[in-house]
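Data file: target-v3.cif. Format and content: mmCIF, C-alpha atoms.
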data_coords
loop_
_atom_site.label_atom_id
_atom_site.label_comp_id
_atom_site.auth_asym_id
_atom_site.auth_seq_id
_atom_site.Cartn_x
_atom_site.Cartn_y
_atom_site.Cartn_z
CA MET A 1 65.17 -15.87 81.14
CA HIS A 2 61.46 -16.75 81.20
CA TYR A 3 60.29 -19.66 79.06
CA LYS A 4 57.20 -18.91 76.99
CA ASN A 5 54.82 -21.06 75.03
CA TYR A 6 56.24 -21.32 71.51
CA THR A 7 53.30 -23.00 69.81
CA GLY A 8 50.78 -21.97 67.20
CA ILE A 9 50.41 -21.73 63.44
CA ILE A 10 51.48 -18.94 61.12
CA ASN A 11 50.02 -18.91 57.65
CA GLY A 12 51.09 -17.21 54.45
CA LEU A 13 54.80 -16.76 55.16
CA SER A 14 57.40 -17.09 52.41
CA ARG A 15 60.68 -19.02 52.85
CA ASP A 16 63.06 -16.08 52.50
CA ALA A 17 62.57 -12.56 53.86
CA ASN A 18 59.53 -13.49 55.93
CA ASP A 19 61.43 -16.35 57.57
CA ARG A 20 64.17 -13.98 58.66
CA ASN A 21 61.60 -11.51 59.96
CA GLU A 22 59.87 -14.24 61.93
CA LEU A 23 63.17 -15.34 63.48
CA ALA A 24 63.84 -11.72 64.47
CA LYS A 25 60.41 -11.58 66.13
CA ILE A 26 61.11 -14.76 68.08
CA ARG A 27 64.47 -13.40 69.26
CA LYS A 28 62.76 -10.15 70.36
CA ILE A 29 60.14 -12.13 72.30
CA MET A 30 62.82 -14.19 74.05
CA ASP A 31 64.78 -11.07 75.01
CA GLU A 32 61.78 -9.63 76.86
CA THR A 33 61.96 -9.87 80.65
CA GLU A 34 58.23 -9.91 81.41
CA ASP A 35 55.94 -12.88 80.88
CA ASP A 36 53.27 -12.36 78.28
CA ASP A 37 51.02 -14.29 75.94
CA ASN A 38 53.19 -14.03 72.84
CA ILE A 39 52.80 -17.04 70.62
CA ALA A 40 55.13 -17.90 67.76
CA ALA A 41 55.51 -20.82 65.42
CA LEU A 42 58.87 -22.41 64.68
CA ILE A 43 58.96 -22.76 60.92
CA THR A 44 62.67 -23.14 60.27
CA VAL A 45 65.53 -25.13 61.74
CA GLU A 46 67.35 -21.91 62.65
CA GLU A 47 64.39 -20.72 64.74
CA ALA A 48 64.07 -24.01 66.58
CA GLU A 49 67.81 -24.13 67.24
CA TYR A 50 67.80 -20.59 68.61
CA VAL A 51 64.91 -21.32 71.01
CA LEU A 52 66.48 -24.56 72.28
CA LYS A 53 69.84 -22.88 72.91
CA ASN A 54 68.37 -19.86 74.70
CA THR A 55 65.84 -21.35 77.11
CA ASN A 56 66.63 -22.56 80.60
CA THR A 57 64.74 -25.81 80.16
CA SER A 58 66.48 -29.10 79.51
CA ASN A 59 66.92 -30.13 75.91
CA PRO A 60 64.66 -33.13 75.23
CA PHE A 61 66.75 -34.10 72.23
CA SER A 62 70.06 -34.41 74.10
CA SER A 63 71.53 -37.87 74.62
CA ALA A 64 74.69 -39.61 75.74
CA LYS A 65 75.69 -40.02 72.09
CA ASP A 66 75.30 -36.28 71.46
CA ALA A 67 77.42 -35.58 74.53
CA VAL A 68 80.16 -37.92 73.30
CA PHE A 69 80.21 -36.30 69.88
CA GLY A 70 80.25 -32.87 71.52
CA VAL A 71 83.41 -33.82 73.39
CA GLY A 72 84.86 -35.40 70.26
CA ASP A 73 84.27 -32.23 68.23
CA PHE A 74 86.07 -30.19 70.86
CA VAL A 75 89.00 -32.62 71.15
CA SER A 76 89.41 -32.72 67.35
CA ASN A 77 90.71 -29.15 67.58
CA PHE A 78 93.47 -30.21 69.98
CA ALA A 79 94.62 -33.56 68.56
CA GLY A 80 98.10 -32.23 67.85
CA ASN A 81 98.37 -30.84 71.38
CA VAL A 82 97.36 -34.21 72.79
CA TYR A 83 100.21 -35.81 70.86
CA GLU A 84 102.71 -33.18 72.02
CA SER A 85 101.62 -33.67 75.63
CA ALA A 86 103.37 -37.05 75.47
CA ARG A 87 106.66 -35.25 74.69
CA LEU A 88 106.25 -32.93 77.68
CA SER A 89 105.45 -35.93 79.87
CA ARG A 90 108.60 -37.74 78.70
CA ILE A 91 110.78 -34.71 79.43
CA ILE A 92 109.33 -34.18 82.90
CA HIS A 93 109.77 -37.86 83.73
CA GLU A 94 113.33 -37.93 82.39
CA PHE A 95 114.71 -34.80 84.04
CA GLY A 96 112.41 -34.56 87.05
CA GLY A 97 113.41 -31.00 87.92
CA LEU A 98 114.04 -27.54 86.51
CA GLY A 99 117.81 -27.61 86.87
CA VAL A 100 118.78 -29.46 83.67
CA LYS A 101 119.49 -27.18 80.72
CA ALA A 102 120.01 -27.89 77.03
CA THR A 103 122.38 -25.76 74.98
CA GLU A 104 122.34 -25.96 71.18
CA TYR A 105 125.56 -25.02 69.43
CA VAL A 106 127.52 -25.63 66.21
CA GLY A 107 130.74 -27.65 66.57
CA LYS A 108 134.03 -27.10 64.78
CA ASN A 109 133.03 -29.68 62.19
CA GLY A 110 129.86 -27.77 61.34
CA ASN A 111 127.52 -30.23 63.05
CA VAL A 112 124.83 -29.02 65.45
CA TYR A 113 125.08 -30.45 68.98
CA ILE A 114 122.94 -30.45 72.10
CA ARG A 115 124.79 -30.18 75.42
CA LEU A 116 122.91 -31.25 78.54
CA SER A 117 123.84 -29.99 81.98
CA GLY A 118 123.44 -31.82 85.27
CA ARG A 119 124.47 -35.31 86.30
CA PRO A 120 123.91 -37.74 83.40
CA GLY A 121 124.12 -40.77 85.67
CA VAL A 122 120.71 -40.11 87.22
CA ARG A 123 118.92 -40.01 83.86
CA ALA A 124 117.42 -43.19 82.46
CA PHE A 125 117.25 -42.31 78.75
CA LEU A 126 119.61 -39.42 78.00
CA ASN A 127 122.58 -40.61 80.03
CA GLY A 128 125.15 -38.55 78.12
CA THR A 129 126.18 -34.91 78.15
CA LYS A 130 126.50 -34.22 74.41
CA TYR A 131 124.40 -35.40 71.45
CA LEU A 132 124.08 -34.56 67.80
CA ALA A 133 120.94 -32.49 67.19
CA ASP A 134 119.57 -35.21 64.90
CA ASN A 135 120.31 -38.05 67.32
CA ALA A 136 117.37 -40.47 67.56
CA LYS A 137 117.07 -39.97 71.33
CA ILE A 138 117.10 -36.18 70.99
CA LEU A 139 114.46 -36.29 68.26
CA PHE A 140 112.29 -38.64 70.33
CA MET A 141 112.44 -36.31 73.32
CA GLY A 142 111.87 -33.24 71.14
CA ILE A 143 114.84 -31.27 72.46
CA GLY A 144 116.34 -28.48 70.38
CA THR A 145 115.14 -27.01 67.11
CA GLN A 146 115.33 -30.23 65.10
CA GLY A 147 113.74 -32.22 67.89
CA GLN A 148 110.86 -29.77 68.16
CA ASN A 149 110.36 -29.80 64.39
CA ASP A 150 110.32 -33.60 64.37
CA VAL A 151 107.66 -33.70 67.08
CA SER A 152 105.61 -31.06 65.25
CA ILE A 153 105.65 -33.11 62.04
CA LYS A 154 104.50 -36.22 63.89
CA ALA A 155 101.82 -34.23 65.70
CA THR A 156 100.57 -32.95 62.35
CA ARG A 157 100.33 -36.50 60.98
CA PHE A 158 98.49 -37.58 64.12
CA SER A 159 96.03 -34.69 63.75
CA ILE A 160 95.26 -35.64 60.14
CA VAL A 161 94.70 -39.30 61.01
CA TYR A 162 92.55 -38.40 64.03
CA SER A 163 90.43 -35.96 62.04
CA LEU A 164 89.72 -38.43 59.23
CA ALA A 165 89.00 -41.30 61.63
CA TYR A 166 86.74 -39.24 63.88
CA ARG A 167 84.79 -37.69 61.01
CA VAL A 168 84.20 -41.16 59.54
CA VAL A 169 82.78 -42.28 62.89
CA GLU A 170 80.53 -39.21 62.87
CA LEU A 171 79.39 -40.00 59.33
CA ILE A 172 78.40 -43.53 60.33
CA PHE A 173 76.82 -42.98 63.73
CA LYS A 174 75.83 -39.30 64.10
CA ASP A 175 72.25 -38.28 63.38
CA GLU A 176 71.62 -35.72 60.64
CA TYR A 177 75.24 -36.00 59.50
CA THR A 178 75.77 -36.10 55.75
CA LEU A 179 78.70 -36.19 53.37
CA THR A 180 78.45 -32.40 53.23
CA ASN A 181 79.11 -32.22 56.98
CA PHE A 182 81.94 -34.72 56.60
CA PHE A 183 83.85 -32.90 53.87
CA VAL A 184 83.33 -29.44 55.36
CA ASN A 185 84.46 -30.56 58.82
CA VAL A 186 87.53 -32.34 57.46
CA THR A 187 88.39 -29.30 55.33
CA MET A 188 88.01 -26.98 58.34
CA ASP A 189 90.15 -29.30 60.47
CA MET A 190 92.89 -29.17 57.85
CA ALA A 191 92.58 -25.38 57.50
CA LYS A 192 92.92 -24.90 61.26
CA LEU A 193 95.88 -27.27 61.27
CA ILE A 194 97.67 -25.36 58.50
CA ILE A 195 97.08 -22.02 60.23
CA SER A 196 98.27 -23.49 63.53
CA ILE A 197 101.45 -24.79 61.88
CA LYS A 198 102.18 -21.39 60.33
CA LEU A 199 101.61 -19.54 63.59
CA SER A 200 103.68 -22.07 65.52
CA ALA A 201 106.52 -21.80 63.01
CA VAL A 202 106.69 -18.09 63.84
CA ALA A 203 106.02 -18.28 67.58
CA VAL A 204 108.01 -21.36 68.66
CA PRO A 205 111.55 -20.08 67.84
CA ILE A 206 110.78 -16.82 69.63
CA LEU A 207 109.40 -18.63 72.66
CA MET A 208 112.32 -21.06 72.73
CA THR A 209 114.77 -18.16 72.73
CA ALA A 210 112.86 -16.19 75.37
CA ALA A 211 112.41 -19.21 77.65
CA GLY A 212 116.03 -20.20 77.13
CA ILE A 213 117.24 -16.75 78.13
CA ALA A 214 114.92 -16.66 81.15
CA SER A 215 115.90 -20.01 82.66
CA GLY A 216 117.31 -22.40 80.09
CA SER A 217 115.51 -25.29 81.79
CA ILE A 218 114.44 -27.98 79.34
CA ILE A 219 111.17 -28.47 81.21
CA VAL A 220 110.36 -24.75 81.20
CA VAL A 221 111.10 -24.36 77.49
CA SER A 222 109.00 -27.45 76.62
CA ALA A 223 106.12 -26.31 78.84
CA VAL A 224 106.09 -22.83 77.28
CA ILE A 225 105.97 -24.29 73.77
CA PHE A 226 103.21 -26.73 74.76
CA ILE A 227 101.06 -24.01 76.36
CA ALA A 228 101.56 -21.77 73.33
CA GLY A 229 100.35 -24.58 71.06
CA ILE A 230 97.21 -25.03 73.14
CA GLY A 231 96.63 -21.27 73.05
CA ILE A 232 96.84 -21.18 69.25
CA SER A 233 94.48 -24.15 68.87
CA TYR A 234 91.99 -22.65 71.32
CA LEU A 235 92.07 -19.30 69.51
CA LEU A 236 91.24 -20.97 66.19
CA TYR A 237 88.48 -22.99 67.86
CA GLU A 238 86.94 -19.86 69.38
CA ILE A 239 87.06 -17.99 66.07
CA ASP A 240 85.26 -20.81 64.28
CA ASP A 241 82.73 -21.18 67.10
CA TYR A 242 82.06 -17.44 67.48
CA PHE A 243 81.58 -16.72 63.79
CA GLY A 244 79.98 -20.12 63.04
CA ILE A 245 82.18 -20.57 59.99
CA SER A 246 81.81 -24.35 59.68
CA GLU A 247 78.08 -24.32 60.41
CA SER A 248 77.37 -21.54 57.95
CA ILE A 249 79.28 -23.29 55.16
CA ILE A 250 77.43 -26.56 55.81
CA ARG A 251 74.07 -24.76 55.93
CA GLU A 252 74.63 -22.90 52.66
CA LEU A 253 75.85 -26.02 50.85
CA LYS A 254 72.80 -27.96 51.99
CA LYS A 255 70.49 -25.21 50.81
CA GLN A 256 72.00 -25.29 47.33
CA ARG A 257 72.08 -29.06 47.12
CA LYS A 258 69.13 -30.83 45.52
CA PRO A 259 68.20 -34.46 46.27
CA ARG A 260 69.83 -36.66 43.64
CA THR A 261 68.77 -40.08 42.38
CA ASP A 262 70.22 -42.49 39.92
CA GLY A 263 68.34 -42.99 36.67
CA GLU A 264 65.57 -45.35 37.88
CA GLY A 265 64.75 -43.55 41.09
CA ARG A 266 67.27 -45.41 43.23
CA TYR A 267 68.90 -43.50 46.04
CA HIS A 268 72.27 -41.99 45.34
CA ALA A 269 75.30 -43.30 47.27
CA ASP A 270 75.20 -40.17 49.45
CA THR A 271 71.87 -41.33 50.85
CA PHE A 272 73.35 -44.70 51.75
CA PHE A 273 76.23 -43.16 53.73
CA THR A 274 73.88 -40.65 55.34
CA ASN A 275 71.62 -43.41 56.68
CA LEU A 276 74.42 -45.85 57.52
CA HIS A 277 74.40 -44.74 61.15
CA ARG A 278 71.06 -46.52 61.60
CA PHE A 279 72.88 -49.82 61.51
CA GLY A 280 75.18 -48.71 64.36
#

Is it possible to give me this structure as structure tokens?
Amino acid sequence: MHYKNYTGIINGLSRDANDRNELAKIRKIMDETEDDDNIAALITVEEAEYVLKNTNTSNPFSSAKDAVFGVGDFVSNFAGNVYESARLSRIIHEFGGLGVKATEYVGKNGNVYIRLSGRPGVRAFLNGTKYLADNAKILFMGIGTQGQNDVSIKATRFSIVYSLAYRVVELIFKDEYTLTNFFVNVTMDMAKLIISIKLSAVAVPILMTAAGIASGSIIVVSAVIFIAGIGISYLLYEIDDYFGISESIIRELKKQRKPRTDGEGRYHADTFFTNLHRFG
């Protein structure tokens, strides 16, 4: 793509239809393959953002802080998967190979048990062959249906705490980040989390059964569930990113919001939190 000179002044344009027409003209200019003398003025944030994202020159406004927040935004979509990775790591470390299998069955007394195959003497943590499905060790390792559900609940709590903590950090230190951004991002994080939980509730039992039939290995079953969770989170991330759902909601709310002051012209509390990052 060829970079052109986007400078100049345009007079007499309105803020609505004409703005959209001007943005369309800029996009048409940028899509051209031949250099020319087209000159356009950037009169809206959307136009400037489009030009910066679609030129091959370096972004003069990028910084280490922006890069850190970019990574943080991405990771916020996978907080639950990060937590569940610890479970997979524990299982791999405990069993060390693909040969150990876990069989879930109902005993004569009606209790649900987990039977582990292989030599128990070589295991450091689960050194028995049979455990109740709600045994503390089984729940900690996330083996069986109850164990997986327990890990999922803890991963959900971790995701909520991470989202709130990270968005507060953004509110304090990130430039051009207001309470509107904060509440929309937190709401979207929770919405993605709820959808992920619903999809996982449907997919995990099916995957556990399929993986169990295929090999029965505890490590294989755990790895399949973990990869499926990452896949669901990534799908939701891509949908939000492709359609710009979060950004469009924030943009529309900011357009409708008018600057507010308290009776004697003092700044509203929103202004204080918006500018708090300057003290960071």

Compile the contact shell of segment 118-130 of chain A as a short mmCIF file (atom, residue, chain, number, x, y, z; two decimals) with C-alpha atoms, keeping the file's coordinate frame: residues with an atom at most 12 Å away, counting all atoms listed in the file, same-chain residues fewer than 6 positions apart removed.
data_model
loop_
_atom_site.label_atom_id
_atom_site.label_comp_id
_atom_site.auth_asym_id
_atom_site.auth_seq_id
_atom_site.Cartn_x
_atom_site.Cartn_y
_atom_site.Cartn_z
CA ARG A 90 108.60 -37.74 78.70
CA ILE A 91 110.78 -34.71 79.43
CA ILE A 92 109.33 -34.18 82.90
CA HIS A 93 109.77 -37.86 83.73
CA GLU A 94 113.33 -37.93 82.39
CA PHE A 95 114.71 -34.80 84.04
CA GLY A 96 112.41 -34.56 87.05
CA GLY A 97 113.41 -31.00 87.92
CA LEU A 98 114.04 -27.54 86.51
CA GLY A 99 117.81 -27.61 86.87
CA VAL A 100 118.78 -29.46 83.67
CA LYS A 101 119.49 -27.18 80.72
CA ALA A 102 120.01 -27.89 77.03
CA THR A 103 122.38 -25.76 74.98
CA GLU A 104 122.34 -25.96 71.18
CA TYR A 105 125.56 -25.02 69.43
CA VAL A 106 127.52 -25.63 66.21
CA GLY A 107 130.74 -27.65 66.57
CA VAL A 112 124.83 -29.02 65.45
CA ALA A 136 117.37 -40.47 67.56
CA LYS A 137 117.07 -39.97 71.33
CA ILE A 138 117.10 -36.18 70.99
CA LEU A 139 114.46 -36.29 68.26
CA PHE A 140 112.29 -38.64 70.33
CA MET A 141 112.44 -36.31 73.32
CA ILE A 143 114.84 -31.27 72.46
CA SER A 217 115.51 -25.29 81.79
CA ILE A 218 114.44 -27.98 79.34
#

message = Using all atoms listed in the file for the distances, tell me which of A:Val221, A:Val75, A:Ile250, A:Ile239 is nearest to Glu176 of chain A.
response = A:Ile250

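Compared by their closest atoms to Ser159 of chain A, and using all atoms listed in the file, the residues A:Thr145, A:Asn81, A:Thr187, A:Asn135 rank with A:Asn81 nearest.
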
inquiry  = Please compute the atom CA of Arg87 of chain A-atom CA of Ser152 of chain A distance, one decimal, in Å.
reply    = 10.4 Å

request  = Enter the distance from atom CA of Ile232 of chain A to atom CA of Phe182 of chain A, in Å, rounded to one decimal.
outcome  =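 Straight-line distance from atom CA of Ile232 of chain A to atom CA of Phe182 of chain A works out to 23.8 Å.
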
task = Go ahead and compute the interatomic distance for atom CA of Ser248 of chain A and atom CA of Gly80 of chain A, in Å to one decimal.
result =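 These two atoms are separated by 25.3 Å.
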
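Near segment 199-201 of chain A, within a cut-off of 12 Å and counting all atoms listed in the file, sit the residues Gly80, Asn81, Thr145, Gln148, Asn149, Ser152, Ile153, Thr156, Lys192, Leu193, Leu207, Met208, Ile225, Phe226, Ile227, Ala228, Gly229, Ile230, Gly231, Ile232, Ser233, Leu235 and Leu236 of chain A, with same-chain residues fewer than 6 positions away left out.
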
ask   = Taking into account only C-alpha atoms, which residue in the set A:Gln256, A:Asn185, A:Ser246, A:Ser222 is nearest to Ser85 of chain A?
value =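 Closest candidate: A:Ser222.
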
message = Using only C-alpha atoms, which protein or nucleic acid residues come within 12 Å of Phe183 of chain A? Drop anything in the same chain fewer than 2 positions from it, and give the result as an NGL selection string.
response = :A and (163-164 or 167-168 or 170-171 or 177-181 or 185-190 or 246 or 249-250 or 253)

All heavy atoms restored at segment 98-109 of chain A, emitted as a compact mmCIF listing (two decimals), keeping the file's coordinate frame:
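Wrote result_17.txt, looks like this:
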# COMPACT_ATOMS: atom_id res chain seq x y z
N LEU A 98 113.83 -28.68 87.38
CA LEU A 98 114.04 -27.54 86.51
C LEU A 98 115.51 -27.21 86.29
O LEU A 98 115.84 -26.27 85.56
CB LEU A 98 113.33 -26.30 87.10
CG LEU A 98 111.82 -26.45 87.35
CD1 LEU A 98 111.28 -25.17 87.96
CD2 LEU A 98 111.08 -26.80 86.08
N GLY A 99 116.40 -27.97 86.91
CA GLY A 99 117.81 -27.61 86.87
C GLY A 99 118.55 -28.00 85.61
O GLY A 99 119.59 -27.41 85.29
N VAL A 100 118.06 -28.98 84.86
CA VAL A 100 118.78 -29.46 83.67
C VAL A 100 118.52 -28.52 82.50
O VAL A 100 117.37 -28.20 82.18
CB VAL A 100 118.34 -30.89 83.30
CG1 VAL A 100 119.10 -31.37 82.06
CG2 VAL A 100 118.59 -31.83 84.47
N LYS A 101 119.60 -28.09 81.85
CA LYS A 101 119.49 -27.18 80.72
C LYS A 101 120.05 -27.84 79.46
O LYS A 101 120.91 -28.71 79.53
CB LYS A 101 120.25 -25.88 81.01
CG LYS A 101 119.75 -25.13 82.24
CD LYS A 101 120.55 -23.87 82.47
CE LYS A 101 120.07 -23.13 83.71
NZ LYS A 101 120.85 -21.89 83.95
N ALA A 102 119.55 -27.39 78.32
CA ALA A 102 120.01 -27.89 77.03
C ALA A 102 120.54 -26.71 76.21
O ALA A 102 119.82 -25.73 76.01
CB ALA A 102 118.90 -28.60 76.28
N THR A 103 121.76 -26.83 75.77
CA THR A 103 122.38 -25.76 74.98
C THR A 103 122.65 -26.28 73.57
O THR A 103 123.29 -27.31 73.39
CB THR A 103 123.70 -25.30 75.60
OG1 THR A 103 123.46 -24.90 76.96
CG2 THR A 103 124.29 -24.14 74.83
N GLU A 104 122.15 -25.57 72.59
CA GLU A 104 122.34 -25.96 71.18
C GLU A 104 123.46 -25.11 70.60
O GLU A 104 123.42 -23.88 70.68
CB GLU A 104 121.03 -25.77 70.41
CG GLU A 104 121.07 -26.26 68.98
CD GLU A 104 119.69 -26.22 68.32
OE1 GLU A 104 118.81 -26.98 68.71
OE2 GLU A 104 119.51 -25.36 67.42
N TYR A 105 124.44 -25.78 69.99
CA TYR A 105 125.56 -25.02 69.43
C TYR A 105 126.11 -25.76 68.21
O TYR A 105 125.83 -26.95 68.00
CB TYR A 105 126.67 -24.84 70.47
CG TYR A 105 127.36 -26.12 70.89
CD1 TYR A 105 128.56 -26.50 70.29
CD2 TYR A 105 126.81 -26.95 71.86
CE1 TYR A 105 129.20 -27.68 70.66
CE2 TYR A 105 127.44 -28.13 72.23
CZ TYR A 105 128.63 -28.49 71.64
OH TYR A 105 129.26 -29.67 72.00
N VAL A 106 126.90 -25.05 67.41
CA VAL A 106 127.52 -25.63 66.21
C VAL A 106 128.98 -25.95 66.53
O VAL A 106 129.74 -25.09 66.99
CB VAL A 106 127.44 -24.64 65.03
CG1 VAL A 106 128.11 -25.25 63.79
CG2 VAL A 106 126.00 -24.26 64.74
N GLY A 107 129.38 -27.21 66.30
CA GLY A 107 130.74 -27.65 66.57
C GLY A 107 131.71 -27.19 65.51
O GLY A 107 131.34 -26.60 64.48
N LYS A 108 132.99 -27.49 65.73
CA LYS A 108 134.03 -27.10 64.78
C LYS A 108 133.86 -27.77 63.42
O LYS A 108 134.30 -27.25 62.39
CB LYS A 108 135.40 -27.45 65.35
CG LYS A 108 135.76 -26.65 66.60
CD LYS A 108 137.13 -27.04 67.12
CE LYS A 108 137.51 -26.24 68.37
NZ LYS A 108 138.85 -26.63 68.88
N ASN A 109 133.25 -28.95 63.44
CA ASN A 109 133.03 -29.68 62.19
C ASN A 109 131.77 -29.25 61.45
O ASN A 109 131.40 -29.82 60.43
CB ASN A 109 132.98 -31.19 62.45
CG ASN A 109 131.94 -31.54 63.51
OD1 ASN A 109 131.18 -30.67 63.97
ND2 ASN A 109 131.91 -32.80 63.90
